[in-house]
Amino acid sequence: MRTNVRRAAVALAAVSALALTACEPAADGSGGKPSGADKATAGPSKPVTPSKPATPSKSPSKSPDKGSSGGDDGSSADPDYAVFPCSTYDVTFTANLAEPTTGSYLLKITNKSGKPCKVLGHPIVTFGDLDGAATERGKAPGIEDALRLKPGESAYAGLMGGANDGKGKTVNSIAMTMNTESDLEQKPLKASTPGLYVSPDKNSVTAWMSNAEDALSL
């Protein structure tokens with residue numbers, strides 16, 4: 001009987017010791033849980049490569065219009081762009097006797113301004129106190145083909161008073177204004193013409209020309 005009790009006590013002590021051993025934390029700090037229990041095996045994390053930002057597309061540069069001849073300021077490629085007609089404020093004026101028998105005078109203007117100007121048509125010539133202007137002789141070039149005077153350059157016209165036919169009058173001066181094809185106010189330029197006989201039927205003046213010979217031969 002005592003032997004059975006002793007065996008039961010030993011068995012109970014062994015079971016108690018075994019239970020205590022199972023409840024103690026493991027030496028490796030795992031809390032006594034079996035290795036790998038309740039744990040998911042995690043593989044090495046894969047580095048995330050940041051996505052490359054999209055490169056904004058470039059708008060194609062607009063090529064200049066080949067049909068446009070203007071510059072950046074809107075000006076034309078025409079070399080005569082902004083070249084205005086010569087007025088009496090732009091030129092000096094002289095009149096010299098060329099042929100006494102016909103009362104022919106050579107009229108000369110010179111560009112005294114610091115910029116080019118266009119000489120249009122015929123000079124407008126009046127004779128002293130006489131009414132009316134000299135009759136235009138010959139055809140003048142159009143405005144697109146008008147003579148262009150650079151600073152210091154000259155143009156010429158031939159003035160004819162006419163032979164003394166008893167119908168005219170002698171004058172000692174003339175006045176000249178330029179044709180500007182506008183209502184631009186001008187100051188008449190005067191020149192001395194002593195003894196110039198002006199026939200009402202024969203006086204005339206040529207268009208402005210680039211040389212004196214042509215002006216007197218027309």
# chains A, B, ... in the order shown; residues from 1 in each chain; ligands from 1
call {"tool": "residues_around", "arguments": {"residues": "Ser204 in chain A", "least_positions_apart": "5", "cutoff": "6 Å", "atoms": "only C-alpha atoms", "output": "list in words"}}
result
Ala134, Thr135, Glu136, Arg137, Leu159 and Met160 of chain A
call {"tool": "residues_around", "arguments": {"residues": "Asn203 in chain A", "least_positions_apart": "3", "cutoff": "12 Å", "atoms": "only C-alpha atoms", "output": "PyMOL selection string"}}
result
chain A and resi 102-105+125-127+132-137+158-165+167-169+196-200+206
call {"tool": "write_last_selection", "arguments": {"atoms": "N, CA and C atoms", "output": "compact mmCIF listing (two decimals), in the first residue's frame"}}
result
# COMPACT_ATOMS: atom_id res chain seq x y z
N THR A 102 16.09 131.14 -125.89
CA THR A 102 14.82 130.48 -125.61
C THR A 102 14.37 130.68 -124.17
N GLY A 103 15.16 131.41 -123.43
CA GLY A 103 14.82 131.62 -122.03
C GLY A 103 14.84 130.32 -121.24
N SER A 104 15.82 129.44 -121.53
CA SER A 104 15.91 128.15 -120.84
C SER A 104 16.79 128.26 -119.59
N TYR A 105 16.30 127.70 -118.50
CA TYR A 105 17.03 127.68 -117.23
C TYR A 105 17.17 126.23 -116.75
N VAL A 125 6.52 125.39 -110.74
CA VAL A 125 7.23 126.66 -110.89
C VAL A 125 6.24 127.78 -111.20
N THR A 126 6.33 128.86 -110.44
CA THR A 126 5.54 130.07 -110.72
C THR A 126 6.51 131.21 -111.06
N PHE A 127 6.02 132.18 -111.86
CA PHE A 127 6.87 133.25 -112.38
C PHE A 127 6.52 134.58 -111.72
N GLY A 132 -0.58 131.51 -112.25
CA GLY A 132 -0.41 130.19 -112.85
C GLY A 132 1.01 129.66 -112.75
N ALA A 133 1.14 128.37 -113.03
CA ALA A 133 2.43 127.69 -112.95
C ALA A 133 2.87 127.25 -114.34
N ALA A 134 4.15 126.93 -114.45
CA ALA A 134 4.71 126.46 -115.73
C ALA A 134 4.01 125.18 -116.17
N THR A 135 3.82 125.05 -117.47
CA THR A 135 3.19 123.85 -118.04
C THR A 135 4.16 122.67 -117.94
N GLU A 136 3.65 121.51 -117.60
CA GLU A 136 4.49 120.32 -117.50
C GLU A 136 4.85 119.80 -118.89
N ARG A 137 6.14 119.52 -119.09
CA ARG A 137 6.61 119.03 -120.39
C ARG A 137 7.17 117.62 -120.22
N GLY A 158 14.48 121.12 -116.64
CA GLY A 158 14.70 122.19 -117.63
C GLY A 158 13.48 123.09 -117.71
N LEU A 159 13.67 124.38 -117.46
CA LEU A 159 12.59 125.37 -117.52
C LEU A 159 12.75 126.22 -118.78
N MET A 160 11.68 126.37 -119.52
CA MET A 160 11.70 127.20 -120.72
C MET A 160 10.64 128.31 -120.58
N GLY A 161 11.13 129.55 -120.70
CA GLY A 161 10.19 130.69 -120.62
C GLY A 161 9.50 130.95 -121.95
N GLY A 162 10.21 130.67 -123.03
CA GLY A 162 9.64 130.90 -124.35
C GLY A 162 10.27 132.12 -125.02
N ALA A 163 10.24 132.11 -126.36
CA ALA A 163 10.78 133.24 -127.12
C ALA A 163 9.86 134.44 -126.99
N ASN A 164 10.45 135.64 -127.17
CA ASN A 164 9.67 136.86 -127.04
C ASN A 164 8.75 137.00 -128.25
N ASP A 165 7.49 136.75 -128.03
CA ASP A 165 6.50 136.84 -129.11
C ASP A 165 5.55 138.01 -128.90
N LYS A 167 3.60 138.51 -126.51
CA LYS A 167 2.39 138.15 -125.75
C LYS A 167 2.67 137.94 -124.26
N GLY A 168 3.96 137.89 -123.94
CA GLY A 168 4.30 137.55 -122.56
C GLY A 168 4.80 138.72 -121.75
N LYS A 169 5.57 138.39 -120.74
CA LYS A 169 6.06 139.39 -119.80
C LYS A 169 7.40 138.94 -119.24
N LEU A 196 14.04 137.10 -117.58
CA LEU A 196 13.36 135.91 -118.11
C LEU A 196 12.03 136.33 -118.75
N TYR A 197 11.92 136.02 -120.03
CA TYR A 197 10.67 136.33 -120.74
C TYR A 197 9.78 135.09 -120.68
N VAL A 198 8.54 135.32 -120.25
CA VAL A 198 7.60 134.22 -120.08
C VAL A 198 6.47 134.36 -121.08
N SER A 199 6.41 133.44 -122.03
CA SER A 199 5.31 133.41 -123.00
C SER A 199 4.20 132.53 -122.43
N PRO A 200 2.97 133.02 -122.42
CA PRO A 200 1.88 132.22 -121.84
C PRO A 200 1.61 130.93 -122.60
N THR A 206 10.35 120.47 -117.44
CA THR A 206 10.43 119.01 -117.50
C THR A 206 10.27 118.40 -116.11
call {"tool": "closest_residue", "arguments": {"among": "A:Lys108, A:Lys118, A:Lys187, A:Lys202", "to": "Pro151 in chain A", "atoms": "only C-alpha atoms"}}
result
A:Lys118
call {"tool": "atom_distance", "arguments": {"atom1": "CA of Pro188 in chain A", "atom2": "CA of Asp90 in chain A"}}
result
11.9 Å
